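In what follows, a structure is listed as structure tokens, so that the remarks can point back to it.
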Amino acid sequence: MRTPFVAGNWKMNKTGEEARLLVSELLPALQPITTVERAICPPFPYLLPLANMLKGSGIGLGAQNMHWEASGAFTGEVAPAMVAEFCQYVILGHSERRAYFHETDEMVNKKVKAALAIGLTPIMCVGETLSENEAGLTAEVVTRQTRLGLAGISAEEVSRVVIAYEPVWAIGTGKAATAQQAQDVHARIIRPVLREMFGETAAQAMRIQYGGSVNSKNAAELFAMPDIDGALVGGASLKAPEFIAIVQAAAEAKK
Ligand code: 13P
């Protein structure tokens, strides 16, 4: 049994005051839902204040990116140990980082290794673009991103990695993958790659989240699928009632 995991990727949204308000709304509702691993990933400047608010709540905190080097002359970057001071999780290789900031599979791999080395749980994002999807390249792209992103990691270490399958065409479009589409990619593409690379035990232990226009209306159907182990939620994680309903749907579907 894999513990379902729902994380909110706030992306570049909210003022500091709005961030604290949202967490104060989430806390009482999410704290009791202990059968679901839940986390929020706010912008860097809010990690310290929100870490203080979340202390002892059982709700995790994650960053949305980090550098792989431990320290040095990398203006504007944040090191793994800096993230680990406040966070348990880090989102890596999000399609927006790949598309707008030219992150490659090799860079994502360095970041995943650095996250594991410092004790963070990496949420490694994979997913095909609309044109890749239409060209029938989904399996090829997702397989390559998974393989290269996890290259050189041991089976023991890799079981801590969370994969987020986020088809780029479903992100922020209101057009989520169908539950069956996501289930197929998780069960027929990603998990077989994990099995081949790390063996059956690790492949079965690893969580594969779905991300892309997840909301309170489609969450239950998605979570009903056996290989959808939770969600990485963007827009809907910015509204307390929506995010709470998604976490509740995970608790209900996976009990
Ligand atoms: P939306 O839920 O807004 O589509 O974003 C998904 C996402 O990119 C989460 O990382």
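Identifiers in the structure tokens: chain A, B, ... in order shown; residue index from 1 per chain; ligand index from 1 in order shown.
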
Segment 149-250 of chain A: which residues are strand (DSSP E or B) by DSSP, as an mmCIF file with N, CA, C and O atoms, in the first residue's frame?
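Saved file result_7.cif follows:
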data_model
loop_
_atom_site.group_PDB
_atom_site.id
_atom_site.type_symbol
_atom_site.label_atom_id
_atom_site.label_comp_id
_atom_site.auth_asym_id
_atom_site.auth_seq_id
_atom_site.Cartn_x
_atom_site.Cartn_y
_atom_site.Cartn_z
ATOM 1 N N VAL A 162 9.356 10.812 -5.399
ATOM 2 C CA VAL A 162 7.975 10.867 -5.883
ATOM 3 C C VAL A 162 8.035 11.364 -7.323
ATOM 4 O O VAL A 162 8.749 12.317 -7.623
ATOM 5 N N ILE A 163 7.308 10.680 -8.206
ATOM 6 C CA ILE A 163 7.225 11.141 -9.597
ATOM 7 C C ILE A 163 5.883 11.860 -9.767
ATOM 8 O O ILE A 163 4.863 11.384 -9.266
ATOM 9 N N ALA A 164 5.905 12.995 -10.448
ATOM 10 C CA ALA A 164 4.643 13.664 -10.796
ATOM 11 C C ALA A 164 4.517 13.633 -12.311
ATOM 12 O O ALA A 164 5.333 14.236 -13.015
ATOM 13 N N TYR A 165 3.503 12.908 -12.794
ATOM 14 C CA TYR A 165 3.225 12.921 -14.234
ATOM 15 C C TYR A 165 2.328 14.115 -14.531
ATOM 16 O O TYR A 165 1.175 14.154 -14.107
ATOM 17 N N ILE A 208 3.418 7.803 -7.667
ATOM 18 C CA ILE A 208 3.319 8.557 -8.913
ATOM 19 C C ILE A 208 2.082 9.434 -8.815
ATOM 20 O O ILE A 208 0.950 8.954 -8.820
ATOM 21 N N GLN A 209 2.336 10.748 -8.691
ATOM 22 C CA GLN A 209 1.234 11.711 -8.632
ATOM 23 C C GLN A 209 0.823 12.078 -10.053
ATOM 24 O O GLN A 209 1.632 12.031 -10.973
ATOM 25 N N TYR A 210 -0.430 12.516 -10.193
ATOM 26 C CA TYR A 210 -0.859 13.128 -11.444
ATOM 27 C C TYR A 210 -0.977 14.632 -11.208
ATOM 28 O O TYR A 210 -1.411 15.057 -10.125
ATOM 29 N N GLY A 211 -0.606 15.422 -12.192
ATOM 30 C CA GLY A 211 -0.777 16.867 -12.101
ATOM 31 C C GLY A 211 -1.237 17.443 -13.433
ATOM 32 O O GLY A 211 -0.833 16.968 -14.507
ATOM 33 N N GLY A 230 -1.872 10.129 -5.905
ATOM 34 C CA GLY A 230 -2.026 11.465 -5.351
ATOM 35 C C GLY A 230 -1.926 12.475 -6.463
ATOM 36 O O GLY A 230 -2.001 12.126 -7.643
ATOM 37 N N ALA A 231 -1.739 13.735 -6.087
ATOM 38 C CA ALA A 231 -1.735 14.786 -7.100
ATOM 39 C C ALA A 231 -0.765 15.896 -6.751
ATOM 40 O O ALA A 231 -0.487 16.157 -5.578
ATOM 41 N N LEU A 232 -0.249 16.527 -7.800
ATOM 42 C CA LEU A 232 0.481 17.781 -7.663
ATOM 43 C C LEU A 232 -0.452 18.844 -8.245
ATOM 44 O O LEU A 232 -0.735 18.841 -9.438
ATOM 45 N N VAL A 233 -0.940 19.685 -7.358
ATOM 46 C CA VAL A 233 -2.042 20.591 -7.691
ATOM 47 C C VAL A 233 -1.519 22.013 -7.855
ATOM 48 O O VAL A 233 -0.838 22.528 -6.963
#

Where does chain A meet ligand 1 within 7 Å, residue by residue, with the nearest atom pair and distance in Å to one decimal for each, counting only C-alpha atoms and all ligand atoms, listed by chain and rising number, as JSON lines?
{"residue": "A:Asn9", "atom": "CA", "partner": "ligand 1", "partner_atom_place_in_ligand_line": "10 (O)", "distance": 5.1}
{"residue": "A:His94", "atom": "CA", "partner": "ligand 1", "partner_atom_place_in_ligand_line": "10 (O)", "distance": 6.6}
{"residue": "A:Glu166", "atom": "CA", "partner": "ligand 1", "partner_atom_place_in_ligand_line": "8 (O)", "distance": 6.7}
{"residue": "A:Ala170", "atom": "CA", "partner": "ligand 1", "partner_atom_place_in_ligand_line": "4 (O)", "distance": 6.0}
{"residue": "A:Ile171", "atom": "CA", "partner": "ligand 1", "partner_atom_place_in_ligand_line": "4 (O)", "distance": 3.5}
{"residue": "A:Gly172", "atom": "CA", "partner": "ligand 1", "partner_atom_place_in_ligand_line": "4 (O)", "distance": 3.5}
{"residue": "A:Thr173", "atom": "CA", "partner": "ligand 1", "partner_atom_place_in_ligand_line": "4 (O)", "distance": 6.2}
{"residue": "A:Gly174", "atom": "CA", "partner": "ligand 1", "partner_atom_place_in_ligand_line": "4 (O)", "distance": 6.6}
{"residue": "A:Gly211", "atom": "CA", "partner": "ligand 1", "partner_atom_place_in_ligand_line": "6 (C)", "distance": 5.0}
{"residue": "A:Gly212", "atom": "CA", "partner": "ligand 1", "partner_atom_place_in_ligand_line": "4 (O)", "distance": 3.8}
{"residue": "A:Ser213", "atom": "CA", "partner": "ligand 1", "partner_atom_place_in_ligand_line": "4 (O)", "distance": 3.5}
{"residue": "A:Val214", "atom": "CA", "partner": "ligand 1", "partner_atom_place_in_ligand_line": "2 (O)", "distance": 5.1}
{"residue": "A:Leu232", "atom": "CA", "partner": "ligand 1", "partner_atom_place_in_ligand_line": "9 (C)", "distance": 4.9}
{"residue": "A:Val233", "atom": "CA", "partner": "ligand 1", "partner_atom_place_in_ligand_line": "2 (O)", "distance": 4.4}
{"residue": "A:Gly234", "atom": "CA", "partner": "ligand 1", "partner_atom_place_in_ligand_line": "2 (O)", "distance": 3.3}
{"residue": "A:Gly235", "atom": "CA", "partner": "ligand 1", "partner_atom_place_in_ligand_line": "3 (O)", "distance": 3.7}
{"residue": "A:Ala236", "atom": "CA", "partner": "ligand 1", "partner_atom_place_in_ligand_line": "2 (O)", "distance": 5.9}

Using backbone DSSP assignments, extract all helix (DSSP H, G or I) residues from segment 127-210 of chain A; output them as a PyMOL selection string. chain A and resi 130-134+138-149+155-158+168-170+179-198+200-205

Judged by only C-alpha atoms, the minimum distance to Glu200 of chain A among A:Ile244, A:Ala155, A:Ala114, A:Cys41 is found for A:Ala155

Using only C-alpha atoms: which of A:Val36, A:Cys87, A:Ala29, A:Ala220 has the shortest distance to Pro49 of chain A: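 Of all the options, A:Cys87 lies closest to Pro49 of chain A.
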
Do you know which residues are at most 12 Å from segment 99-109 of chain A counting only C-alpha atoms, after dropping those on the same chain fewer than 5 positions away, and could you put them as a PyMOL selection string? chain A and resi 65-69+90-94+114-116+122-129+141-153+158+161+168

For atom CA of Lys239 of chain A and atom CA of Arg38 of chain A, the interatomic separation in Å (one decimal):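 We find that atom CA of Lys239 of chain A and atom CA of Arg38 of chain A lie 15.0 Å from each other.
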
Pick from A:Leu21, A:Ala240, A:Val6, A:Ala182, whichever lies nearest to Leu61 of chain A using only C-alpha atoms: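 Ranked by minimum distance to Leu61 of chain A, first place goes to A:Val6.
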
Compare A:Lys110, A:Asn13, A:Phe44, A:Ser57 by their minimum atom-to-atom distance to Val83 of chain A, counting only C-alpha atoms, and give me the closest one. A:Phe44

In terms of the shortest atom-to-atom distance over only C-alpha atoms, which of A:Val185, A:Leu238, A:Ala84, A:Gln180 is closest to Met12 of chain A? A:Leu238

Of A:Gln31, A:Asn218, A:Ser237, A:Gln204, the one nearest to Ala176 of chain A when counting only C-alpha atoms is A:Asn218

Rounded to one decimal place, report the atom CA of Gly60 of chain A-atom CA of Ala250 of chain A distance in Å.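 Value for the atom CA of Gly60 of chain A-atom CA of Ala250 of chain A distance: 16.2 Å.
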
7 Å contact set for Phe86 of chain A, only C-alpha atoms, chain neighbours under 6 positions out, as a VMD selection string: chain A and resid 47 to 48 51

Restricting the output to all heavy atoms, write the selected residues as a PDB file, in the first residue's frame.
ATOM      1  N   LEU A  47       8.954  30.451   2.852  1.00  0.00           N
ATOM      2  CA  LEU A  47       9.246  29.159   3.494  1.00  0.00           C
ATOM      3  C   LEU A  47       9.442  29.308   5.002  1.00  0.00           C
ATOM      4  O   LEU A  47       8.901  28.518   5.776  1.00  0.00           O
ATOM      5  CB  LEU A  47      10.481  28.503   2.858  1.00  0.00           C
ATOM      6  CG  LEU A  47      10.294  28.019   1.411  1.00  0.00           C
ATOM      7  CD1 LEU A  47      11.605  27.477   0.849  1.00  0.00           C
ATOM      8  CD2 LEU A  47       9.188  26.969   1.309  1.00  0.00           C
ATOM      9  N   LEU A  48      10.198  30.304   5.423  1.00  0.00           N
ATOM     10  CA  LEU A  48      10.450  30.456   6.868  1.00  0.00           C
ATOM     11  C   LEU A  48       9.173  30.751   7.660  1.00  0.00           C
ATOM     12  O   LEU A  48       8.862  30.011   8.595  1.00  0.00           O
ATOM     13  CB  LEU A  48      11.544  31.507   7.126  1.00  0.00           C
ATOM     14  CG  LEU A  48      11.728  31.928   8.580  1.00  0.00           C
ATOM     15  CD1 LEU A  48      12.083  30.719   9.457  1.00  0.00           C
ATOM     16  CD2 LEU A  48      12.799  32.995   8.716  1.00  0.00           C
ATOM     17  N   ALA A  51       6.935  27.685   7.534  1.00  0.00           N
ATOM     18  CA  ALA A  51       7.499  26.558   8.302  1.00  0.00           C
ATOM     19  C   ALA A  51       7.134  26.723   9.772  1.00  0.00           C
ATOM     20  O   ALA A  51       6.774  25.753  10.450  1.00  0.00           O
ATOM     21  CB  ALA A  51       9.017  26.492   8.127  1.00  0.00           C
TER      22      ALA A  51
END

With only C-alpha atoms as the counted atoms, please give the residues lying no more than 12 Å from Leu22 of chain A, apart from itself and same-chain residues fewer than 2 positions off, as an MDAnalysis selection string. chainID A and resid 8 10 13:20 24:30 40 42 46 50 53:54 237:244
